[in-house]
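Asks: File protein-v6.cif follows (mmCIF, C-alpha atoms):
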data_final
loop_
_atom_site.label_atom_id
_atom_site.label_comp_id
_atom_site.auth_asym_id
_atom_site.auth_seq_id
_atom_site.Cartn_x
_atom_site.Cartn_y
_atom_site.Cartn_z
CA ASP A 1 155.36 93.99 -7.01
CA ALA A 2 152.38 92.04 -5.70
CA PRO A 3 152.61 88.24 -5.57
CA VAL A 4 150.92 86.29 -8.36
CA THR A 5 147.95 84.39 -6.99
CA ILE A 6 146.71 82.51 -10.06
CA ASP A 7 148.01 79.42 -11.82
CA ALA A 8 149.92 79.79 -15.06
CA LEU A 9 148.10 78.98 -18.29
CA PRO A 10 148.72 75.48 -19.63
CA GLN A 11 151.22 75.14 -22.46
CA VAL A 12 149.62 75.33 -25.89
CA PRO A 13 150.75 73.44 -29.00
CA ALA A 14 153.20 75.15 -31.34
CA ALA A 15 151.54 77.39 -33.93
CA GLN A 16 151.01 75.99 -37.42
CA GLN A 17 151.78 78.05 -40.52
CA GLY A 18 148.90 79.23 -42.71
CA ALA A 19 145.27 79.95 -41.94
CA ALA A 20 143.91 78.83 -38.58
CA SER A 21 141.50 75.91 -38.49
CA LEU A 22 137.92 76.48 -37.34
CA ALA A 23 138.65 74.37 -34.26
CA ASP A 24 141.62 76.59 -33.41
CA LEU A 25 139.51 79.73 -33.89
CA ASP A 26 136.80 78.31 -31.62
CA TRP A 27 139.43 77.48 -29.00
CA LEU A 28 140.91 80.98 -29.24
CA ALA A 29 137.51 82.67 -29.01
CA ASN A 30 136.76 80.65 -25.88
CA GLN A 31 140.11 81.61 -24.33
CA ILE A 32 139.44 85.31 -25.01
CA LYS A 33 135.92 85.06 -23.56
CA GLN A 34 137.33 83.56 -20.37
CA ALA A 35 140.25 86.00 -20.07
CA GLN A 36 140.12 88.46 -17.20
CA LEU A 37 142.22 91.12 -18.97
CA PRO A 38 142.39 90.30 -22.70
CA VAL A 39 144.51 92.48 -24.99
CA LEU A 40 145.51 92.35 -28.66
CA LEU A 41 149.24 92.62 -29.35
CA VAL A 42 149.58 93.89 -32.92
CA GLY A 43 152.97 93.86 -34.63
CA ALA A 44 154.34 95.61 -37.69
CA ARG A 45 152.36 93.44 -40.09
CA GLY A 46 149.16 94.79 -38.56
CA SER A 47 149.41 97.99 -40.57
CA ASP A 48 148.52 96.85 -44.10
CA ASP A 49 145.07 97.81 -45.41
CA GLN A 50 143.57 94.31 -45.27
CA THR A 51 144.75 93.67 -41.71
CA VAL A 52 143.61 97.10 -40.51
CA ALA A 53 140.14 96.45 -41.96
CA ALA A 54 140.01 93.04 -40.25
CA LEU A 55 141.10 94.54 -36.92
CA HIS A 56 138.48 97.31 -37.21
CA SER A 57 135.83 94.68 -37.90
CA LEU A 58 136.91 92.58 -34.92
CA LEU A 59 137.10 95.58 -32.60
CA GLY A 60 133.68 96.79 -33.76
CA ASP A 61 132.18 93.52 -32.51
CA THR A 62 134.51 92.81 -29.60
CA PRO A 63 135.98 95.85 -27.86
CA LEU A 64 139.49 94.93 -26.71
CA PRO A 65 142.48 97.08 -25.79
CA VAL A 66 145.20 97.06 -28.45
CA VAL A 67 148.94 97.32 -27.87
CA GLU A 68 151.22 97.94 -30.84
CA THR A 69 154.83 96.83 -31.00
CA PHE A 70 157.53 98.98 -32.55
CA GLN A 71 159.29 97.04 -35.30
CA GLY A 72 158.57 93.76 -33.54
CA ALA A 73 160.51 94.76 -30.43
CA GLY A 74 157.58 93.49 -28.35
#
Please, can you express the file's structure as structure tokens?
Replies:
Amino acid sequence: DAPVTIDALPQVPAAQQGAASLADLDWLANQIKQAQLPVLLVGARGSDDQTVAALHSLLGDTPLPVVETFQGAG
């Protein structure tokens, strides 16, 4: 219930389909590094073997809290 004392993040361009470009990944890494309270929001598609392995690899290098959605309910 406390007032918000920081400015909202600027609007980002709409997401493109397919693999992210290296420039987009660099931008995202920079945003995460600057975040005060970063968190990963992982949906239902985060449970296949390949994605789980990728998440474990990421979290081994960059400890972040993870929140899981239930059937995409967010």
Asks: Grab the atom CA of A:Lys33 to atom CA of A:Pro65 distance for me, in Å with one decimal place.
Replies: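 Computed distance, atom CA of A:Lys33 to atom CA of A:Pro65, equals 13.9 Å.
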Asks: Have a look at atom CA of A:Pro3 and atom CA of A:Val42 and let me know their distance in Å, one decimal.
Replies: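 Atom CA of A:Val42 lies at a distance of 28.1 Å from atom CA of A:Pro3.
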Asks: In Å to one decimal, how far is atom CA of A:Thr69 from atom CA of A:Leu41?
Replies: 7.2 Å
Asks: With distances taken over all atoms listed in the file, which residue among A:Val39, A:Val66, A:Ala54, A:Leu28 lies nearest A:Val12?
Replies: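 Among A:Val39, A:Val66, A:Ala54, A:Leu28, it is A:Leu28 that comes nearest to A:Val12.
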Asks: Could you tell me which of A:Gln36, A:Val67, A:Val52, A:Asn30 comes closest to A:Ile6 if we count only C-alpha atoms?
Replies: A:Gln36
Asks: Enclose the full set of atoms of stretch 16-30 of chain A listed in the file within a box whose edges lie along x, y and z, apply 5 Å of padding to each of the six sides, and report centre and edge lengths in Å to one decimal as lines of an AutoDock Vina configuration file.
Replies:
center_x = 144.3
center_y = 78.5
center_z = -34.3
size_x = 25.0
size_y = 18.3
size_z = 26.8
Asks: Using the atoms already present, construct N, CA and C atoms for stretch 41-66 of chain A and hand them back as a CSV table (one decimal), keeping the file's coordinate frame.
Replies:
chain,number,residue,atom,x,y,z
A,41,LEU,N,147.9,92.1,-29.1
A,41,LEU,CA,149.2,92.6,-29.4
A,41,LEU,C,149.4,92.6,-30.9
A,42,VAL,N,149.5,93.8,-31.5
A,42,VAL,CA,149.6,93.9,-32.9
A,42,VAL,C,151.0,94.3,-33.3
A,43,GLY,N,151.6,93.6,-34.2
A,43,GLY,CA,153.0,93.9,-34.6
A,43,GLY,C,153.0,94.7,-35.9
A,44,ALA,N,154.1,94.8,-36.5
A,44,ALA,CA,154.3,95.6,-37.7
A,44,ALA,C,153.5,95.2,-38.9
A,45,ARG,N,153.2,93.9,-39.0
A,45,ARG,CA,152.4,93.4,-40.1
A,45,ARG,C,150.9,93.8,-39.9
A,46,GLY,N,150.5,94.4,-38.8
A,46,GLY,CA,149.2,94.8,-38.6
A,46,GLY,C,148.8,96.1,-39.2
A,47,SER,N,149.7,96.7,-40.0
A,47,SER,CA,149.4,98.0,-40.6
A,47,SER,C,149.0,98.0,-42.0
A,48,ASP,N,149.0,96.8,-42.7
A,48,ASP,CA,148.5,96.8,-44.1
A,48,ASP,C,147.0,97.0,-44.2
A,49,ASP,N,146.5,97.5,-45.3
A,49,ASP,CA,145.1,97.8,-45.4
A,49,ASP,C,144.1,96.7,-45.1
A,50,GLN,N,144.4,95.5,-45.5
A,50,GLN,CA,143.6,94.3,-45.3
A,50,GLN,C,143.5,94.0,-43.8
A,51,THR,N,144.7,94.0,-43.1
A,51,THR,CA,144.8,93.7,-41.7
A,51,THR,C,144.1,94.7,-40.9
A,52,VAL,N,144.3,96.0,-41.2
A,52,VAL,CA,143.6,97.1,-40.5
A,52,VAL,C,142.1,97.0,-40.6
A,53,ALA,N,141.6,96.6,-41.8
A,53,ALA,CA,140.1,96.4,-42.0
A,53,ALA,C,139.6,95.3,-41.1
A,54,ALA,N,140.4,94.2,-41.1
A,54,ALA,CA,140.0,93.0,-40.2
A,54,ALA,C,140.0,93.4,-38.8
A,55,LEU,N,141.0,94.1,-38.3
A,55,LEU,CA,141.1,94.5,-36.9
A,55,LEU,C,139.9,95.5,-36.6
A,56,HIS,N,139.6,96.4,-37.5
A,56,HIS,CA,138.5,97.3,-37.2
A,56,HIS,C,137.2,96.5,-37.1
A,57,SER,N,137.0,95.5,-38.0
A,57,SER,CA,135.8,94.7,-37.9
A,57,SER,C,135.8,93.9,-36.6
A,58,LEU,N,136.9,93.3,-36.2
A,58,LEU,CA,136.9,92.6,-34.9
A,58,LEU,C,136.6,93.5,-33.8
A,59,LEU,N,137.3,94.7,-33.7
A,59,LEU,CA,137.1,95.6,-32.6
A,59,LEU,C,135.7,96.2,-32.6
A,60,GLY,N,135.1,96.3,-33.7
A,60,GLY,CA,133.7,96.8,-33.8
A,60,GLY,C,132.7,95.8,-33.1
A,61,ASP,N,133.0,94.5,-33.1
A,61,ASP,CA,132.2,93.5,-32.5
A,61,ASP,C,132.6,93.2,-31.1
A,62,THR,N,133.9,93.3,-30.9
A,62,THR,CA,134.5,92.8,-29.6
A,62,THR,C,135.5,93.9,-29.1
A,63,PRO,N,135.1,94.8,-28.3
A,63,PRO,CA,136.0,95.8,-27.9
A,63,PRO,C,137.1,95.3,-27.0
A,64,LEU,N,138.3,95.4,-27.4
A,64,LEU,CA,139.5,94.9,-26.7
A,64,LEU,C,140.5,96.0,-26.7
A,65,PRO,N,141.3,96.2,-25.7
A,65,PRO,CA,142.5,97.1,-25.8
A,65,PRO,C,143.5,96.5,-26.8
A,66,VAL,N,144.2,97.4,-27.5
A,66,VAL,CA,145.2,97.1,-28.4
A,66,VAL,C,146.5,97.7,-28.1
